[in-house]
$ cat target.pdb   # PDB, C-alpha atoms
ATOM      1  CA  MET R  82      32.155  14.115 -50.615
ATOM      2  CA  VAL R  83      33.691  10.699 -51.281
ATOM      3  CA  ILE R  84      34.255  10.142 -47.554
ATOM      4  CA  LEU R  85      30.671  11.140 -46.777
ATOM      5  CA  GLY R  86      29.458   8.727 -49.430
ATOM      6  CA  ILE R  87      31.506   5.891 -47.925
ATOM      7  CA  ILE R  88      30.133   6.657 -44.455
ATOM      8  CA  ALA R  89      26.554   6.724 -45.766
ATOM      9  CA  SER R  90      27.136   3.425 -47.595
ATOM     10  CA  ARG R  91      28.477   1.766 -44.443
ATOM     11  CA  GLN R  92      25.563   3.055 -42.402
ATOM     12  CA  SER R  93      23.091   1.663 -44.944
ATOM     13  CA  MET R  94      24.604  -1.778 -44.371
ATOM     14  CA  LEU R  95      24.026  -1.657 -40.615
ATOM     15  CA  PRO R  96      21.163  -3.826 -39.314
ATOM     16  CA  LEU R  97      17.876  -1.905 -39.457
ATOM     17  CA  VAL R  98      15.542  -2.087 -36.461
ATOM     18  CA  ILE R  99      11.941  -1.253 -37.405
ATOM     19  CA  VAL R 100      10.133  -0.142 -34.249
ATOM     20  CA  ASN R 101       6.420   0.146 -33.553
ATOM     21  CA  PRO R 102       6.384   2.770 -30.774
ATOM     22  CA  LYS R 103       2.721   1.988 -30.002
ATOM     23  CA  SER R 104       3.416  -1.659 -29.154
ATOM     24  CA  ALA R 105       3.004  -2.924 -25.582
ATOM     25  CA  GLY R 106       0.384  -0.239 -24.964
ATOM     26  CA  GLY R 107       2.846   2.547 -25.840
ATOM     27  CA  SER R 108       5.552   1.403 -23.429
ATOM     28  CA  THR R 109       7.936   0.786 -26.348
ATOM     29  CA  ARG R 110       7.787   4.514 -27.099
ATOM     30  CA  ASP R 111       8.114   5.497 -23.449
ATOM     31  CA  ASN R 112      11.069   3.166 -22.817
ATOM     32  CA  TRP R 113      12.843   3.512 -26.154
ATOM     33  CA  SER R 114      16.003   5.104 -24.713
ATOM     34  CA  ALA R 115      16.558   2.132 -22.407
ATOM     35  CA  ILE R 116      15.644  -0.369 -25.140
ATOM     36  CA  ALA R 117      18.060   1.278 -27.596
ATOM     37  CA  SER R 118      20.821   1.241 -24.969
ATOM     38  CA  ASP R 119      20.302  -2.500 -24.400
ATOM     39  CA  ILE R 120      20.413  -3.164 -28.138
ATOM     40  CA  ARG R 121      23.661  -1.213 -28.601
ATOM     41  CA  THR R 122      25.290  -2.857 -25.571
ATOM     42  CA  HIS R 123      24.273  -6.461 -26.229
ATOM     43  CA  PHE R 124      23.925  -6.492 -30.029
ATOM     44  CA  GLY R 125      25.933  -3.658 -31.529
ATOM     45  CA  ALA R 126      25.514  -0.734 -33.898
ATOM     46  CA  PHE R 127      22.222  -0.402 -35.764
ATOM     47  CA  GLN R 128      19.946   2.051 -37.516
ATOM     48  CA  VAL R 129      16.325   2.592 -36.565
ATOM     49  CA  ALA R 130      13.062   3.442 -38.319
ATOM     50  CA  PHE R 131       9.789   4.093 -36.491
ATOM     51  CA  THR R 132       6.374   3.168 -37.838
ATOM     52  CA  LYS R 133       3.631   5.773 -37.698
ATOM     53  CA  ALA R 134       0.625   3.957 -39.143
ATOM     54  CA  ALA R 135      -0.609   0.524 -40.166
ATOM     55  CA  GLY R 136       1.356  -0.816 -43.128
ATOM     56  CA  ASP R 137       4.484   1.215 -42.402
ATOM     57  CA  GLY R 138       6.407  -1.834 -41.180
ATOM     58  CA  ALA R 139       5.941  -3.635 -44.496
ATOM     59  CA  ASN R 140       6.759  -0.554 -46.583
ATOM     60  CA  ILE R 141       9.925   0.269 -44.618
ATOM     61  CA  ALA R 142      11.122  -3.354 -44.752
ATOM     62  CA  TRP R 143      10.449  -3.632 -48.506
ATOM     63  CA  THR R 144      12.344  -0.412 -49.232
ATOM     64  CA  ALA R 145      15.262  -1.452 -47.026
ATOM     65  CA  ALA R 146      15.482  -4.900 -48.614
ATOM     66  CA  GLU R 147      15.426  -3.385 -52.105
ATOM     67  CA  ALA R 148      18.220  -1.010 -51.068
ATOM     68  CA  GLY R 149      20.446  -3.925 -50.083
ATOM     69  CA  ARG R 150      19.948  -4.052 -46.318
ATOM     70  CA  GLN R 151      21.079  -7.517 -45.185
ATOM     71  CA  PHE R 152      19.580  -7.771 -41.680
ATOM     72  CA  ILE R 153      16.171  -6.317 -40.770
ATOM     73  CA  ILE R 154      14.778  -6.590 -37.235
ATOM     74  CA  ALA R 155      11.181  -6.075 -36.060
ATOM     75  CA  CYS R 156      10.710  -4.506 -32.635
ATOM     76  CA  GLY R 157       7.100  -4.820 -31.503
ATOM     77  CA  GLY R 158       4.292  -7.324 -31.119
ATOM     78  CA  ASP R 159       3.056 -10.061 -33.441
ATOM     79  CA  GLY R 160       1.365  -7.549 -35.767
ATOM     80  CA  THR R 161       4.606  -5.615 -36.253
ATOM     81  CA  ILE R 162       6.542  -8.846 -36.804
ATOM     82  CA  ASN R 163       3.988  -9.873 -39.434
ATOM     83  CA  GLU R 164       4.222  -6.536 -41.259
ATOM     84  CA  VAL R 165       8.025  -6.485 -41.403
ATOM     85  CA  ALA R 166       8.169 -10.104 -42.541
ATOM     86  CA  ASN R 167       5.629  -9.321 -45.291
ATOM     87  CA  GLY R 168       7.788  -6.453 -46.522
ATOM     88  CA  ILE R 169      10.837  -8.713 -46.736
ATOM     89  CA  LEU R 170       8.956 -11.547 -48.419
ATOM     90  CA  GLU R 171       7.229  -9.278 -50.940
ATOM     91  CA  SER R 172      10.581  -7.776 -51.918
ATOM     92  CA  GLY R 173      11.853 -11.184 -53.012
ATOM     93  CA  VAL R 174      15.315 -10.255 -51.673
ATOM     94  CA  ASP R 175      17.271 -12.720 -49.538
ATOM     95  CA  VAL R 176      17.360 -10.783 -46.247
ATOM     96  CA  GLU R 177      17.884 -12.145 -42.756
ATOM     97  CA  PHE R 178      15.050 -11.380 -40.322
ATOM     98  CA  GLY R 179      15.257 -10.813 -36.587
ATOM     99  CA  VAL R 180      12.785 -10.238 -33.761
ATOM    100  CA  LEU R 181      13.034  -8.017 -30.697
ATOM    101  CA  PRO R 182       9.856  -8.768 -28.706
ATOM    102  CA  SER R 183       8.132  -5.648 -27.396
ATOM    103  CA  GLY R 184       4.435  -6.456 -27.424
ATOM    104  CA  THR R 185       1.794  -7.908 -25.115
ATOM    105  CA  GLY R 186       1.156 -11.110 -27.087
ATOM    106  CA  GLY R 187       4.489 -12.633 -28.004
ATOM    107  CA  ASP R 188       3.092 -15.756 -29.664
ATOM    108  CA  PHE R 189       5.682 -15.966 -32.442
ATOM    109  CA  ARG R 190       8.459 -15.369 -29.906
ATOM    110  CA  ARG R 191       7.256 -18.396 -27.960
ATOM    111  CA  SER R 192       7.365 -20.657 -31.005
ATOM    112  CA  LEU R 193      10.932 -19.552 -31.775
ATOM    113  CA  GLY R 194      12.064 -19.916 -28.173
ATOM    114  CA  LEU R 195      13.197 -16.272 -28.031
ATOM    115  CA  PRO R 196      13.765 -14.620 -24.638
ATOM    116  CA  GLN R 197      11.382 -11.869 -23.580
ATOM    117  CA  SER R 198      13.897  -9.377 -22.207
ATOM    118  CA  THR R 199      15.439  -6.925 -24.659
ATOM    119  CA  ARG R 200      18.994  -7.551 -23.555
ATOM    120  CA  GLU R 201      18.710 -11.345 -23.900
ATOM    121  CA  ALA R 202      16.920 -11.021 -27.236
ATOM    122  CA  ALA R 203      19.675  -8.653 -28.410
ATOM    123  CA  ARG R 204      22.303 -11.225 -27.429
ATOM    124  CA  THR R 205      20.413 -13.827 -29.455
ATOM    125  CA  LEU R 206      20.461 -11.518 -32.475
ATOM    126  CA  ARG R 207      24.244 -11.170 -32.107
ATOM    127  CA  ASN R 208      25.196 -14.745 -31.181
ATOM    128  CA  GLY R 209      22.311 -16.838 -32.492
ATOM    129  CA  LYS R 210      22.121 -19.034 -35.574
ATOM    130  CA  THR R 211      20.262 -18.591 -38.854
ATOM    131  CA  ARG R 212      17.287 -20.858 -39.478
ATOM    132  CA  LEU R 213      15.115 -21.298 -42.559
ATOM    133  CA  ILE R 214      11.419 -21.379 -41.702
ATOM    134  CA  ASP R 215       8.190 -21.862 -43.619
ATOM    135  CA  VAL R 216       5.573 -19.146 -43.988
ATOM    136  CA  GLY R 217       1.927 -19.270 -44.928
ATOM    137  CA  ARG R 218       0.393 -17.361 -47.826
ATOM    138  CA  ILE R 219      -3.308 -16.580 -47.692
ATOM    139  CA  THR R 220      -5.480 -15.207 -50.484
ATOM    140  CA  PHE R 221      -8.813 -13.851 -49.249
ATOM    141  CA  GLN R 222     -11.413 -11.114 -49.538
ATOM    142  CA  SER R 223     -10.562  -7.772 -47.963
ATOM    143  CA  HIS R 224     -13.205  -5.865 -46.012
ATOM    144  CA  THR R 225     -13.861  -3.841 -49.153
ATOM    145  CA  GLY R 226     -14.426  -6.974 -51.242
ATOM    146  CA  LYS R 227     -11.094  -7.027 -53.079
ATOM    147  CA  LYS R 228      -9.103 -10.226 -53.583
ATOM    148  CA  VAL R 229      -5.778  -9.796 -51.778
ATOM    149  CA  SER R 230      -2.860 -11.937 -50.599
ATOM    150  CA  ARG R 231      -0.470 -11.706 -47.683
ATOM    151  CA  TYR R 232       1.964 -13.852 -45.723
ATOM    152  CA  PHE R 233       1.651 -15.022 -42.139
ATOM    153  CA  LEU R 234       4.198 -16.553 -39.783
ATOM    154  CA  ASN R 235       2.087 -17.807 -36.943
ATOM    155  CA  VAL R 236      -1.600 -18.768 -37.158
ATOM    156  CA  SER R 237      -4.601 -17.756 -39.226
ATOM    157  CA  SER R 238      -8.083 -18.694 -38.057
ATOM    158  CA  PHE R 239     -11.786 -17.999 -38.266
ATOM    159  CA  GLY R 240     -14.612 -18.530 -35.830
ATOM    160  CA  LEU R 241     -14.274 -17.967 -32.095
ATOM    161  CA  ALA R 242     -10.698 -16.620 -32.108
ATOM    162  CA  ALA R 243     -11.432 -14.011 -34.782
ATOM    163  CA  SER R 244     -14.582 -12.935 -32.930
ATOM    164  CA  ILE R 245     -12.640 -12.586 -29.670
ATOM    165  CA  ILE R 246      -9.943 -10.446 -31.285
ATOM    166  CA  GLU R 247     -12.574  -8.285 -32.967
ATOM    167  CA  ARG R 248     -14.258  -7.753 -29.600
ATOM    168  CA  VAL R 249     -10.904  -7.017 -27.898
ATOM    169  CA  LYS R 250     -10.201  -4.257 -30.414
ATOM    170  CA  THR R 251     -13.576  -2.589 -29.776
ATOM    171  CA  ASN R 252     -14.180  -3.420 -26.094
ATOM    172  CA  LYS R 253     -14.201  -0.232 -23.989
ATOM    173  CA  ALA R 254     -15.295  -1.859 -20.714
ATOM    174  CA  LEU R 255     -11.741  -1.952 -19.343
ATOM    175  CA  ASP R 256     -10.488   1.454 -20.461
ATOM    176  CA  TRP R 257     -10.164   2.439 -16.820
ATOM    177  CA  LEU R 258      -7.202   0.034 -16.462
ATOM    178  CA  PRO R 259      -3.697   1.380 -17.233
ATOM    179  CA  LEU R 260      -2.273   0.694 -20.698
ATOM    180  CA  GLY R 261      -0.080  -2.348 -21.090
ATOM    181  CA  GLY R 262      -0.129  -6.065 -20.420
ATOM    182  CA  VAL R 263      -2.642  -6.000 -17.546
ATOM    183  CA  ARG R 264      -5.337  -4.320 -19.631
ATOM    184  CA  GLY R 265      -4.523  -6.531 -22.620
ATOM    185  CA  ARG R 266      -4.869  -9.795 -20.695
ATOM    186  CA  ALA R 267      -7.992  -8.640 -18.866
ATOM    187  CA  SER R 268      -9.602  -7.455 -22.105
ATOM    188  CA  PHE R 269      -8.843 -10.780 -23.803
ATOM    189  CA  ALA R 270     -10.310 -12.737 -20.882
ATOM    190  CA  LEU R 271     -13.491 -10.630 -20.775
ATOM    191  CA  SER R 272     -13.938 -10.773 -24.547
ATOM    192  CA  THR R 273     -13.436 -14.550 -24.518
ATOM    193  CA  LEU R 274     -16.165 -14.980 -21.902
ATOM    194  CA  GLN R 275     -18.549 -12.701 -23.833
ATOM    195  CA  GLU R 276     -17.997 -14.584 -27.100
ATOM    196  CA  VAL R 277     -18.159 -18.077 -25.584
ATOM    197  CA  VAL R 278     -21.547 -17.305 -24.020
ATOM    198  CA  SER R 279     -22.960 -16.662 -27.509
ATOM    199  CA  LEU R 280     -21.045 -19.555 -29.081
ATOM    200  CA  ASP R 281     -22.531 -20.736 -32.373
ATOM    201  CA  PRO R 282     -20.847 -23.092 -34.898
ATOM    202  CA  VAL R 283     -20.658 -22.279 -38.606
ATOM    203  CA  THR R 284     -20.605 -24.612 -41.611
ATOM    204  CA  VAL R 285     -18.008 -24.155 -44.335
ATOM    205  CA  ARG R 286     -16.738 -25.954 -47.430
ATOM    206  CA  VAL R 287     -13.153 -27.203 -47.033
ATOM    207  CA  LYS R 288     -10.816 -28.716 -49.621
ATOM    208  CA  ILE R 289      -7.501 -30.027 -48.254
ATOM    209  CA  ASP R 290      -4.684 -30.615 -50.763
ATOM    210  CA  ASN R 291      -6.003 -32.821 -53.577
ATOM    211  CA  ASN R 292      -8.812 -34.381 -51.559
ATOM    212  CA  GLU R 293     -12.497 -33.908 -52.260
ATOM    213  CA  GLU R 294     -14.285 -30.857 -50.896
ATOM    214  CA  LYS R 295     -16.222 -31.556 -47.699
ATOM    215  CA  LEU R 296     -18.680 -29.738 -45.460
ATOM    216  CA  LEU R 297     -17.257 -28.942 -42.033
ATOM    217  CA  GLN R 298     -18.959 -27.630 -38.906
ATOM    218  CA  THR R 299     -16.660 -25.577 -36.722
ATOM    219  CA  VAL R 300     -16.560 -23.344 -33.694
ATOM    220  CA  ASN R 301     -12.963 -22.403 -34.448
ATOM    221  CA  PHE R 302     -10.736 -23.447 -37.352
ATOM    222  CA  CYS R 303      -6.995 -22.747 -37.287
ATOM    223  CA  VAL R 304      -4.386 -22.978 -40.023
ATOM    224  CA  ALA R 305      -1.172 -23.060 -38.009
ATOM    225  CA  ASN R 306       2.405 -22.609 -39.142
ATOM    226  CA  ALA R 307       3.590 -22.136 -35.552
ATOM    227  CA  ARG R 308       2.365 -23.385 -32.171
ATOM    228  CA  TYR R 309       0.851 -20.422 -30.293
ATOM    229  CA  PHE R 310      -1.832 -17.779 -30.737
ATOM    230  CA  GLY R 311      -4.202 -15.679 -28.634
ATOM    231  CA  GLY R 312      -1.580 -14.490 -26.158
ATOM    232  CA  GLY R 313      -0.094 -17.840 -25.163
ATOM    233  CA  MET R 314      -2.598 -20.514 -26.214
ATOM    234  CA  MET R 315      -0.744 -23.581 -27.522
ATOM    235  CA  ILE R 316      -3.324 -24.154 -30.231
ATOM    236  CA  ALA R 317      -1.080 -26.362 -32.410
ATOM    237  CA  PRO R 318       1.286 -28.228 -30.061
ATOM    238  CA  LYS R 319       2.624 -30.448 -32.862
ATOM    239  CA  ALA R 320       3.338 -27.632 -35.341
ATOM    240  CA  LYS R 321       6.872 -27.235 -36.695
ATOM    241  CA  LEU R 322       8.133 -24.138 -38.453
ATOM    242  CA  ASP R 323      10.235 -26.061 -40.955
ATOM    243  CA  ASP R 324       8.318 -29.253 -41.852
ATOM    244  CA  GLY R 325       6.628 -27.927 -45.002
ATOM    245  CA  TYR R 326       3.088 -28.384 -43.629
ATOM    246  CA  PHE R 327       0.317 -26.492 -41.887
ATOM    247  CA  ASP R 328      -1.238 -28.022 -38.787
ATOM    248  CA  LEU R 329      -5.018 -27.757 -39.135
ATOM    249  CA  ILE R 330      -6.939 -27.584 -35.867
ATOM    250  CA  ASN R 331     -10.722 -27.793 -35.970
ATOM    251  CA  ILE R 332     -12.769 -27.325 -32.819
ATOM    252  CA  GLY R 333     -16.106 -28.767 -33.827
ATOM    253  CA  ASP R 334     -19.581 -28.397 -32.325
ATOM    254  CA  ILE R 335     -18.779 -28.114 -28.622
ATOM    255  CA  ARG R 336     -21.032 -26.931 -25.788
ATOM    256  CA  THR R 337     -20.350 -23.613 -24.075
ATOM    257  CA  ALA R 338     -19.928 -25.261 -20.665
ATOM    258  CA  LYS R 339     -17.349 -27.687 -22.045
ATOM    259  CA  VAL R 340     -15.364 -24.832 -23.587
ATOM    260  CA  LEU R 341     -15.264 -23.019 -20.248
ATOM    261  CA  LEU R 342     -14.387 -26.147 -18.261
ATOM    262  CA  ASN R 343     -11.580 -27.043 -20.663
ATOM    263  CA  ALA R 344     -10.198 -23.586 -21.413
ATOM    264  CA  TYR R 345      -6.955 -24.448 -19.599
ATOM    265  CA  THR R 346      -6.237 -27.208 -22.151
ATOM    266  CA  LEU R 347      -5.665 -24.545 -24.818
ATOM    267  CA  TYR R 348      -2.638 -23.333 -22.854
ATOM    268  CA  ASN R 349      -0.976 -26.708 -22.346
ATOM    269  CA  GLY R 350      -1.914 -28.254 -25.690
ATOM    270  CA  SER R 351      -4.019 -31.074 -24.262
ATOM    271  CA  HIS R 352      -7.183 -29.873 -26.072
ATOM    272  CA  LEU R 353      -6.242 -32.270 -28.887
ATOM    273  CA  ASP R 354      -7.483 -35.061 -26.595
ATOM    274  CA  LEU R 355     -11.053 -33.697 -26.695
ATOM    275  CA  SER R 356     -13.361 -35.641 -29.019
ATOM    276  CA  GLU R 357     -14.586 -32.417 -30.667
ATOM    277  CA  VAL R 358     -11.046 -31.366 -31.690
ATOM    278  CA  LYS R 359      -9.474 -32.725 -34.882
ATOM    279  CA  ASN R 360      -5.874 -32.276 -36.049
ATOM    280  CA  SER R 361      -4.424 -32.903 -39.530
ATOM    281  CA  LEU R 362      -1.608 -31.757 -41.847
ATOM    282  CA  ALA R 363      -1.916 -29.928 -45.162
ATOM    283  CA  ARG R 364       0.073 -27.937 -47.707
ATOM    284  CA  ARG R 365      -2.929 -26.209 -49.281
ATOM    285  CA  VAL R 366      -6.402 -25.464 -47.914
ATOM    286  CA  GLU R 367      -9.393 -23.888 -49.674
ATOM    287  CA  ILE R 368     -12.246 -22.655 -47.461
ATOM    288  CA  SER R 369     -15.535 -20.960 -48.341
ATOM    289  CA  PRO R 370     -18.843 -20.374 -46.532
ATOM    290  CA  VAL R 371     -21.756 -22.671 -47.389
ATOM    291  CA  ASP R 372     -23.870 -19.524 -47.409
ATOM    292  CA  PRO R 373     -22.162 -17.105 -49.874
ATOM    293  CA  SER R 374     -23.695 -14.146 -48.034
ATOM    294  CA  ALA R 375     -22.181 -15.177 -44.673
ATOM    295  CA  ASP R 376     -19.659 -12.658 -43.312
ATOM    296  CA  ILE R 377     -17.004 -14.885 -41.690
ATOM    297  CA  HIS R 378     -14.007 -12.814 -40.599
ATOM    298  CA  LEU R 379     -10.411 -14.045 -40.660
ATOM    299  CA  GLU R 380      -7.762 -13.561 -38.003
ATOM    300  CA  THR R 381      -4.142 -13.643 -39.187
ATOM    301  CA  ASP R 382      -1.229 -13.183 -36.745
ATOM    302  CA  GLY R 383      -3.592 -11.323 -34.416
ATOM    303  CA  GLU R 384      -4.965  -8.934 -37.045
ATOM    304  CA  LEU R 385      -8.324  -8.919 -38.879
ATOM    305  CA  PRO R 386      -7.480  -8.350 -42.569
ATOM    306  CA  GLY R 387     -10.673  -9.668 -44.220
ATOM    307  CA  ARG R 388     -13.033 -12.591 -44.597
ATOM    308  CA  LEU R 389     -13.732 -15.920 -46.305
ATOM    309  CA  PRO R 390     -13.425 -17.354 -48.914
ATOM    310  CA  ALA R 391      -9.698 -18.015 -48.493
ATOM    311  CA  VAL R 392      -6.937 -20.164 -49.954
ATOM    312  CA  TYR R 393      -3.961 -21.102 -47.772
ATOM    313  CA  GLU R 394      -0.633 -22.268 -49.202
ATOM    314  CA  ILE R 395       2.550 -23.235 -47.359
ATOM    315  CA  VAL R 396       5.769 -21.662 -48.672
ATOM    316  CA  SER R 397       8.597 -23.912 -47.500
ATOM    317  CA  GLY R 398      11.903 -22.422 -46.330
ATOM    318  CA  ALA R 399      10.859 -18.924 -47.364
ATOM    319  CA  LEU R 400      12.393 -16.841 -44.567
ATOM    320  CA  ARG R 401      15.840 -16.709 -42.950
ATOM    321  CA  ILE R 402      15.539 -15.826 -39.281
ATOM    322  CA  ARG R 403      17.974 -15.462 -36.367
ATOM    323  CA  VAL R 404      17.158 -17.789 -33.451
ATOM    324  CA  PRO R 405      18.872 -19.011 -30.262
ATOM    325  CA  LYS R 406      21.656 -21.576 -30.812
ATOM    326  CA  GLN R 407      20.339 -24.129 -28.339
TER     327      GLN R 407
END
$ encode --input "target.pdb" --output "C-alpha cells"
Amino acid sequence: MVILGIIASRQSMLPLVIVNPKSAGGSTRDNWSAIASDIRTHFGAFQVAFTKAAGDGANIAWTAAEAGRQFIIACGGDGTINEVANGILESGVDVEFGVLPSGTGGDFRRSLGLPQSTREAARTLRNGKTRLIDVGRITFQSHTGKKVSRYFLNVSSFGLAASIIERVKTNKALDWLPLGGVRGRASFALSTLQEVVSLDPVTVRVKIDNNEEKLLQTVNFCVANARYFGGGMMIAPKAKLDDGYFDLINIGDIRTAKVLLNAYTLYNGSHLDLSEVKNSLARRVEISPVDPSADIHLETDGELPGRLPAVYEIVSGALRIRVPKQ
C-alpha cells in the first residue's frame, strides 16, 4: 500500500495536459494518439485530462493547482487556453502554465512565438524558459444579467469583432465544408463581409485610468494584452505581454468601403496609420453604453461571455508561462 501511495504521489506531480478533444474541428480527438506520442517523445512523461463541456478546462486546472500540480498545459485553441489559465489564476497557486496549440485560431500562440507543430511545441515545453506575463481581468454583465469577472490573456473587444464571432458561431451557410481550418477560415471571412456591409458605429462612455470620462464613437474597440486576435489579425502591433499596460485600439467612424479596401492592414499591423484608428496605453478602463438599454456584446479571447458595462484591469506579472528560449 505504501508503494502504491508513492507511485500515485509521483504521478500526481507529473505535468498535466488538459485537452479539448473538440478543438480544431474535432481533429484533436481524431489525432490524439499521434499527438500523445509526439508529446511523450519530445517532452516526456505526462498525465492527461479531457474536457467534456464548457468550463471543464478551468475546473480541472483549478483542482489540479489546488492539489499541488506544478506544471499544467492546455492543449486546444484560444478558448481552451483561456479556460485553463483562468483555473490556474483563480486558484491563486503559483503554477507554471504551458500551451500545446491544437486549434484553428492560434492567436495567443502567435504572440508568444510558439511553433504550430506538436513536436516543436513539445520541445519548447521541455527546453524553453519561464516568463512572467501580464493578464487582463474584466468585470462585466453576463448574458443573464449577473455581474461576473474573469481573466483574459489575449484581447477583449466589442463592436465589429464581437459581432463577427457571434455570426461565425451561428452561421450555417458553410456547413457543407469539411470540419477544420478550411471551414473556420471561410466562415470567418463570410461573417466578416456580412457584418461589414451592415457596419454601424456605437457611442459609449469611456474612462481611462484617472482621466475624465469621455464619449467615444467606435466601430470596434479592443483592450489588448497581446498582439493578435480574429485568427491572425495583428490588431495591437505594439502590445507587450510584460509591460504592465493594455494597448487600447479604437477604430472610429469609418466607411464600409474603406474597411474593405484596408482589411489587409489588420494582418500586418499598418491599420494604426489610418486616421480613424487611435492607439493608447492604459492600466484600467471603464466602459458603459450611452444608452443603458443597448445590448453591446463583449468578445474575450474569442468567446462571447457577456456584455457592457465592463471594467478592465491589468494584473502585472500574474502568470508563469513556458516560452521558447530565443
$ resolve_selection --input "target.pdb" --expression "the PyMOL selection byres ((chain R and resi 318) around 9)" --output "MDAnalysis selection string"
chainID R and resid 307:309 315:317 319:321 349:351 353
$ closest_residue --input "target.pdb" --among "R:Asn140, R:Thr122, R:Ser183, R:Ala146" --to "Thr109 (chain R)" --atoms "all atoms listed in the file"
R:Ser183
$ closest_residue --input "target.pdb" --among "R:Pro102, R:Pro96, R:Gly333, R:Gly187" --to "Gln128 (chain R)" --atoms "only C-alpha atoms"
R:Pro96
$ resolve_selection --input "target.pdb" --expression "the PyMOL selection byres ((chain R and resi 326) around 12)" --output "CSV table (one decimal) with C-alpha atoms, in the coordinates of the input"
chain,number,residue,atom,x,y,z
R,214,ILE,CA,11.4,-21.4,-41.7
R,215,ASP,CA,8.2,-21.9,-43.6
R,216,VAL,CA,5.6,-19.1,-44.0
R,217,GLY,CA,1.9,-19.3,-44.9
R,289,ILE,CA,-7.5,-30.0,-48.3
R,290,ASP,CA,-4.7,-30.6,-50.8
R,304,VAL,CA,-4.4,-23.0,-40.0
R,305,ALA,CA,-1.2,-23.1,-38.0
R,306,ASN,CA,2.4,-22.6,-39.1
R,307,ALA,CA,3.6,-22.1,-35.6
R,319,LYS,CA,2.6,-30.4,-32.9
R,320,ALA,CA,3.3,-27.6,-35.3
R,321,LYS,CA,6.9,-27.2,-36.7
R,322,LEU,CA,8.1,-24.1,-38.5
R,323,ASP,CA,10.2,-26.1,-41.0
R,324,ASP,CA,8.3,-29.3,-41.9
R,325,GLY,CA,6.6,-27.9,-45.0
R,327,PHE,CA,0.3,-26.5,-41.9
R,328,ASP,CA,-1.2,-28.0,-38.8
R,329,LEU,CA,-5.0,-27.8,-39.1
R,361,SER,CA,-4.4,-32.9,-39.5
R,362,LEU,CA,-1.6,-31.8,-41.8
R,363,ALA,CA,-1.9,-29.9,-45.2
R,364,ARG,CA,0.1,-27.9,-47.7
R,365,ARG,CA,-2.9,-26.2,-49.3
R,366,VAL,CA,-6.4,-25.5,-47.9
R,393,TYR,CA,-4.0,-21.1,-47.8
R,394,GLU,CA,-0.6,-22.3,-49.2
R,395,ILE,CA,2.6,-23.2,-47.4
R,396,VAL,CA,5.8,-21.7,-48.7
R,397,SER,CA,8.6,-23.9,-47.5
R,398,GLY,CA,11.9,-22.4,-46.3
$ resolve_selection --input "target.pdb" --expression "the PyMOL selection byres ((chain R and resi 181) around 8)" --output "list in words"
Ile154, Ala155, Cys156, Gly157, Gly179, Val180, Pro182, Ser183, Thr199, Ala202 and Ala203 of chain R
$ closest_residue --input "target.pdb" --among "R:Ala375, R:Leu389, R:Ala148, R:Ile219" --to "Asn167 (chain R)" --atoms "all atoms listed in the file"
R:Ile219
$ residues_around --input "target.pdb" --residues "Glu357 (chain R)" --least-positions-apart "4" --cutoff "8 Å" --atoms "all atoms listed in the file" --output "CSV table (one decimal) with C-alpha atoms, in the coordinates of the input"
chain,number,residue,atom,x,y,z
R,332,ILE,CA,-12.8,-27.3,-32.8
R,333,GLY,CA,-16.1,-28.8,-33.8
R,334,ASP,CA,-19.6,-28.4,-32.3
R,335,ILE,CA,-18.8,-28.1,-28.6
$ atom_distance --input "target.pdb" --atom1 "CA of Arg207 (chain R)" --atom2 "CA of Gly313 (chain R)"
26.2 Å
$ atom_distance --input "target.pdb" --atom1 "CA of Arg403 (chain R)" --atom2 "CA of Phe310 (chain R)"
20.7 Å
$ atom_distance --input "target.pdb" --atom1 "CA of Pro196 (chain R)" --atom2 "CA of Pro405 (chain R)"
8.8 Å
$ residues_near_point --input "target.pdb" --point "(-14.9, -20.2, -48.0)" --cutoff "7 Å" --atoms "only C-alpha atoms" --output "PyMOL selection string"
chain R and resi 285-286+367-370+389-391
$ axis_aligned_box --input "target.pdb" --around "region 139-149 of chain R" --padding-each-side "5 Å" --output "JSON"
{"center_x": 13.2, "center_y": -2.3, "center_z": -48.3, "size_x": 24.5, "size_y": 15.2, "size_z": 17.6}
$ closest_residue --input "target.pdb" --among "R:Asn101, R:Ser114, R:Thr144, R:Ser238" --to "Leu385 (chain R)" --atoms "all atoms listed in the file"
R:Ser238
$ residues_around --input "target.pdb" --residues "Ile330 (chain R)" --least-positions-apart "4" --cutoff "6 Å" --atoms "all atoms listed in the file" --output "MDAnalysis selection string"
chainID R and resid 302:303 359:360
$ closest_residue --input "target.pdb" --among "R:Gly158, R:Pro373, R:Pro386, R:Gly125" --to "Lys227 (chain R)" --atoms "only C-alpha atoms"
R:Pro386
$ closest_residue --input "target.pdb" --among "R:Ser192, R:Thr211, R:Thr225, R:Ser118" --to "Val176 (chain R)" --atoms "all atoms listed in the file"
R:Thr211
$ residues_near_point --input "target.pdb" --point "(14.6, 5.6, -34.6)" --cutoff "8 Å" --atoms "all atoms listed in the file" --output "number ranges by chain"
R: 98-100, 128-131
$ build_atoms --input "target.pdb" --residues "region 105-110 of chain R" --atoms "N, CA and C atoms" --output "compact mmCIF listing (two decimals), in the frame of the given file"
# COMPACT_ATOMS: atom_id res chain seq x y z
N ALA R 105 3.03 -2.77 -27.04
CA ALA R 105 3.00 -2.92 -25.58
C ALA R 105 2.29 -1.75 -24.93
N GLY R 106 1.17 -1.33 -25.54
CA GLY R 106 0.38 -0.24 -24.96
C GLY R 106 1.11 1.09 -24.92
N GLY R 107 2.10 1.29 -25.80
CA GLY R 107 2.85 2.55 -25.84
C GLY R 107 4.11 2.54 -25.01
N SER R 108 4.36 1.44 -24.28
CA SER R 108 5.55 1.40 -23.43
C SER R 108 6.84 1.32 -24.25
N THR R 109 6.75 0.81 -25.48
CA THR R 109 7.94 0.79 -26.35
C THR R 109 8.41 2.21 -26.62
N ARG R 110 7.46 3.10 -26.88
CA ARG R 110 7.79 4.51 -27.10
C ARG R 110 8.36 5.13 -25.82
